[in-house]
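**Q** Handing you this structure, nothing more for now.
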Amino acid sequence: MQPDRADKLAELVEHAFELEGGERAAFVERACGDDAELRAEVEALLGEQERAAELMKAPAAEFGATLLPQDEEVGELRSGEMLGDYRIVSLLGEGGMGEVYLADDTHFGRQVAIKLIKQGFGTREFVRHFRQEERILAALNHSNIARLYGGAVTPKGLPYFVMEYVEGIPLETYAVQHSLNIRERLALFRKVCAAVSYAHQNLVIHRDLKPANIRVTAEGEPKLLDFGIARLLDPETAQTDNQTMSTVRAMTPNYASPEQLRGERMTTASDVYSLGVVLYELLAGQKPGIRKDGEADCKNLATDLDNVVFKSLRAEPERRYSSVGQFSEDIRRYLDGLPVTARKDTVGYRTSKFVRRHKVGLAATAAVALFLIGATIVATWEAHRANEQRILAERRFGQVRRLADSLMFEIHDSVKDLAGSTPTRRLIVSRALEYLDSLAHDAGGNVALQRELATAYEKIGDIQGNPYSANIGDTDGALTSYRKALQIRESLRPAAVTTDSQMELGRSHRALGDIMEQKGDIEQMVREYRRSLLIFAQLSETEPKNPAVQDELARAYETLADGLGRTANADAERLTTYKQSLTIREKLVRQDSSNLKLRRGFALILMKVGDISDPHQPDAISFLRKGVAILESLAAADPDNGRARREVGWGYFKLGGMLMAAEDYAGAVDSLEKSLAIREKSAAADPQNAQASFDLAGTHIDLADALSATGDAEQAVAHARSSIAIMTGLFATDPGNAAYSRNIAAYHNKLGDIFARAGANKNAPVTERLSVWSEARRSYEKAQQFFSDLQARGTLPPADAAEQPKEFARRMSECQEAIKQLTVATSSR
Amino acid sequence: MAGKSSEDVTALLLNWQSGDDEEAPAKLMPLVYDELRRVARAYLQREREDHTLQATALVHEAYLQLVDDKKVTWKDRAHFYGIAARLMRQILMQHARAHQAAKRGGPAQVKLSLEEASGLSTDCAVELVALDDALEGFTKIYPRKSKVVELKFFGGMEAKQISEVLQVSEKTVLRDWNFARLWLSRELRKDAA
């Protein structure tokens with residue numbers, strides 16, 4: 001029946017159905033006119049009314065309740081069960097589409113694999129379709145292709161295939177287990193190509209080539225599984241009702257070509273693409289050091305083999321190898337050291353050459369990875385443009401972004417510590433940016449894509465210059481990337497604004513602020529931090545109970561307060577801002593007191609508030625004590641956590657400093673001794689860690705100061721000397737570090753003060769006081785010496801440079817005066 | 001109380017709704033399928049006396065087991081019921097076909113004994129299989145109307161719920177249902193003839 005005629009029939013019958021008796025007859029007559037055939041149809045259907053009323057009266061489950069099984073069932077098929085001539089032996093595995101069983105073929109006396117498809121599928125359609133394809137598939141007779149023996153439907157209506165049982169392991173696993181070098185991998189891959197090529201000549205496309213479908217036997221022969229199965233299961237070629245929810249295209253997205261993702265007609269070029277992905281993974285899985293054939297291969301890999309892989313992965317089928325045979329032939333040429341046919345005038349070619357110049361060893365991976373990022377992003381984008389596959393493409397975009405992420409970050413991270421890798425890292429970043437820019441150009445009104453893009457820009461910004469992670473020191477580039485992200489986020493239509501997108505926007509402003517600080521633009525930094533805060537504050541009004549929003553709001557206050565610390569005259573605002581953060585964090589901890597992260601956040605903000613409070617206000621000390629107590633409990637809860645221990649050491653250090661300022665010297669000594677104990681352990685555990693030693697020196701000097709204030713000059717001197725010794729050691733390893741020499745100067749100065757204070761003690765014997773004063777003078781002299789050195793190198797702030805020499809002069813003359821008076825006193829005795 | 005897979009199912013429904021996961025329906029299928037079978041078995045064991053199985057109750061119980069209701073919208077719920085109806089159909093039809101085959105003395109691998117497959121149940125199996133086959137033909141001409149049948153007959157859903165799943169008015173659902181019954185009734189008599 002014609003579709004419109006079917007619709008007309010339904011319309012008439014439905015209308016007539018609601019009328020009765022004479023009205024109905026009159027309507028049918030009028031509506032059908034002289035279309036006798038239509039009228040007969042309408043009347044026949046209406047004539048079913050009584051019988052139809054009985055049909056499907058009760059829901060099916062009620063109707064067919066007795067049909068349901070009443071015993072526990074395990075799996076679809078059981079060991080020993082017969083399926084035609086086949087006796088099930090065991091379940092070999094389960095996959096997305098169904099189950100694979102090992103079975104005995106009782107007729108031919110051989111073992112077979114049975115693949116049971118558990119997806120819903122029209123039984124009659126399947127059988128009809130299978131008959132069409134069966135002959136072609138059964139005729140595929142190649143030693144590297146697993147034979148298809150047959151297929152049918154189980155009594156329960158599930159389709160299954162009977163195939164040659166291959167005792168082998170997946171391609172990549174085999175390559176790893178046998179430590180195959182590049183040449184061996186390529187040779188194996190060419191055998192795979194030969195099998196695919198044979199199938200193509202027999203007009204069969206695999207359509208689902210992936211490493212899991214390629215097994216290698218103990219003899220080292222690859223066997224391709226599931227040839228033609230994908231086509232059998234494709235709802236479109238099977239012409240089943242593609243509106244049913246259960247139909248799933250049989251393909252594996254990572255290996256599927258762009259045209260396959262778009263749902264377009266597939267050709268042999270689609271298999272070329274999938275083989276390209278397989279080859280890439282086979283080569284990328286190659287660990288440096290396994291190679292037996294030296295650098296020559298690396299060098300070639302960065303050029304020719306890249307071109308070969310790249311050519312097989314082109315988005316446009318017509319620009320790939322026109323056949324698997326040609327693909328394989330180019331690999332042979334590569335193996336024989338002949339020039340490959342893959343075009344060389346590509347960006348990829350230039351890129352790989354560039355990389356090779358800089359670092360041969362890492363070039364291969366990095367360059368191949370770049371091509372893959374490029375090829376897949378472009379491919380994805382093309383898939384995206386096909387509207388009917390929009391959702392699929394978006395998902396694919398997500399996959400590619402993750403792939404790009406992982407390649408970018410893994411490769412970037414794996415090369416970042418290698419000397420001379422910076423050009424490669426810059427290249428990775430600039431290439432990724434190019435792709436993103438072209439995607440951004442087309443992303444249009446698609447909100448999901450735009451947010452993805454913004455996130456990608458931010459990640460690149462992080463690599464370029466985030467001061468809080470490993471970066472390539474490109475602050476301006478980072479600024480540009482962050483701004484692009486921000487621009488995308490701000491351009492979202494109001495309707496597309498969600499809590500998540502606002503959170504991202506708030507974080508974007510914060511990242512921009514961080515970069516501004518890096519650039520030294522403090523004013524702009526504070527402005528960005530304020531914007532970030534404003535966004536989170538607004539969000540918080542609509543979502544006062546959302547802990548994630550509250551956490552971000554607390555962080556925004558804290559970040560702004562940290563930033564205000566870099567500006568002048570903002571102390572009061574800084575303290576109130578920290579306290580805002582404190583209030584929120586306190587609430588968060590109350591709500592979820594077992595959350596260690598929240599407790600740490602609370603402790604740190606307590607410390608910050610206490611640190612900038614007026615030491616003579618009693619609550620300043622109590623903020624710090626409370627903070628330290630929490631830090632101690634966190635360290636106790638996680639004894640192996642080095643950072644938690646270090647934070648306790650830091651907490652006591654801060655507390656000690658505050659107690660000094662509050663003139664509670666005994667308390668300060670107690671607190672600093674606790675800090676010292678922890679920091680000594682940290683420094684001893686990791687002697688290479690300059691920061692640990694640096695921190696330890698800081699505690700020694702403060703403790704020296706506190707001890708001196710309590711009158712324990714002897715201990716004070718000992719600790720001050722320790723701090724000088726540690727700092728001098730650090731200075732020796734890094735003589736260019738001005739902070740080290742500035743500290744040495746300051747420590748000598750402090751030691752001078754300690755001696756001076758001891759020398760002022762009139763109860764001590766005169767000779768002792770004399771020697772102490774001269775020690776003081778010597779210390780000041782040394783301080784001055786380091787100071788002049790710093791001055792000569794121009795690394796001093798102008799105020800220091802002007803004032804400090806006068807200060808030294810004053811102190812030394814004090815020493816001089818004291819020594820003179822004491823000498824006079826002695827001699828006049 | 002929600003089971004272990006509750007999070008999975010809820011997340012899948014949400015991802016499906018937001019378009020984040022194209023394969024969500026395919027991933028949902030086995031989860032919902034297993035649960036439906038489990039619930040159905042539990043029902044049959046509990047109520048062995050009269051074997052009455054309320055499809056709506058069954059699906060609803062599976063839903064409560066699998067989905068965290070607080071997190072999903074009515075649309076997700078509608079999707080779930082749509083899937084459940086589809087699966088109820090598959091489960092029932094698998095067994096109906098198995099019964100029919102056993103009665104005919106079909107292949108040995110059928111798990112049901114002849115005794116079990118005898119009597120009323122086989123009659124209803126034959127009817128169900130005929131109906132399902134007729135429905136397959138109907139689907140080709142009237143896909144939406146056929147979906148209405150699936151949701152109502154196999155899923156045990158009411159017109160209002162169906163109108164939510166299919167995004168049409170309740171009136172349309174009723175008209176579709178009436179027409180489908182007329183059409184199928186005629187088709188079944190044709191086959192029988």
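Naming scheme: A, B, ... for chains in displayed order of the structure tokens; residues 1 onward per chain; ligands 1 onward as shown.
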Just the residues within 9 Å of Ala199 in chain A, please, counting only C-alpha atoms, with nothing from its chain fewer than 4 positions along; format it as a VMD selection string.

**A** chain A and resid 140 to 142 145 194 to 195 203 to 206 227

**Q** Taking the backbone alone, and naming residues the way the document does, which bits of range 727-821 of chain A are alpha helix (DSSP H) by DSSP, as a PyMOL selection string?

**A** chain A and resi 727-733+738-759+766-792+798-821

**Q** Nearest to chain A among B:Ser163, B:Thr172, B:Gln94, B:Ser146, with distances taken over only C-alpha atoms: which residue is it?

**A** B:Gln94

**Q** Can you work out the spacing between CA of Glu221 in chain A and CA of Leu148 in chain A in Å, to one decimal?

**A**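 Taking CA of Glu221 in chain A as the start and CA of Leu148 in chain A as the end point, the length is 18.0 Å.
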
**Q** Could you state the separation of CA of Tyr482 in chain A and CA of Asp562 in chain A in Å, given to one decimal place?

**A**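 Computed distance, CA of Tyr482 in chain A to CA of Asp562 in chain A, equals 20.7 Å.
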
**Q** Residues near Lys115 in chain A, anyone? I mean within 9 Å using only C-alpha atoms, not counting same-chain ones fewer than 4 positions away, as a PyMOL selection string.

**A** chain A and resi 98-102+159-163

**Q** Near Ser708 in chain A, within 12 Å and counting only C-alpha atoms, which residues show up once chain neighbours fewer than 4 positions away are dropped, as a ChimeraX atom specification?

**A** /A:660,665-666,668-669,701-704,712-720,750-759,761

**Q** Put those residues in a file: C-alpha atoms, as a tab-separated table (two decimals), in the first residue's frame.

**A**
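What landed in result.tsv:
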```
chain	number	residue	atom	x	y	z
A	660	MET	CA	56.70	35.95	69.27
A	665	TYR	CA	58.33	33.88	74.15
A	666	ALA	CA	58.00	30.64	76.07
A	668	ALA	CA	56.91	30.61	70.83
A	669	VAL	CA	59.83	28.38	71.80
A	701	ILE	CA	66.36	31.20	62.94
A	702	ASP	CA	62.96	31.97	64.44
A	703	LEU	CA	63.62	29.55	67.26
A	704	ALA	CA	66.96	31.26	67.83
A	712	ASP	CA	68.84	31.33	76.57
A	713	ALA	CA	71.66	32.86	74.55
A	714	GLU	CA	73.63	29.65	74.22
A	715	GLN	CA	70.81	27.71	72.54
A	716	ALA	CA	69.87	30.75	70.49
A	717	VAL	CA	73.36	31.03	69.05
A	718	ALA	CA	73.44	27.33	68.26
A	719	HIS	CA	70.17	27.50	66.28
A	720	ALA	CA	71.17	30.67	64.45
A	750	LYS	CA	70.03	38.11	63.48
A	751	LEU	CA	72.99	36.30	65.04
A	752	GLY	CA	74.56	39.70	65.57
A	753	ASP	CA	71.41	40.80	67.39
A	754	ILE	CA	71.47	37.70	69.57
A	755	PHE	CA	75.05	38.34	70.55
A	756	ALA	CA	74.29	42.00	71.14
A	757	ARG	CA	71.41	41.11	73.45
A	758	ALA	CA	73.64	38.70	75.36
A	759	GLY	CA	76.33	41.32	75.55
A	761	ASN	CA	73.44	41.40	80.05
```
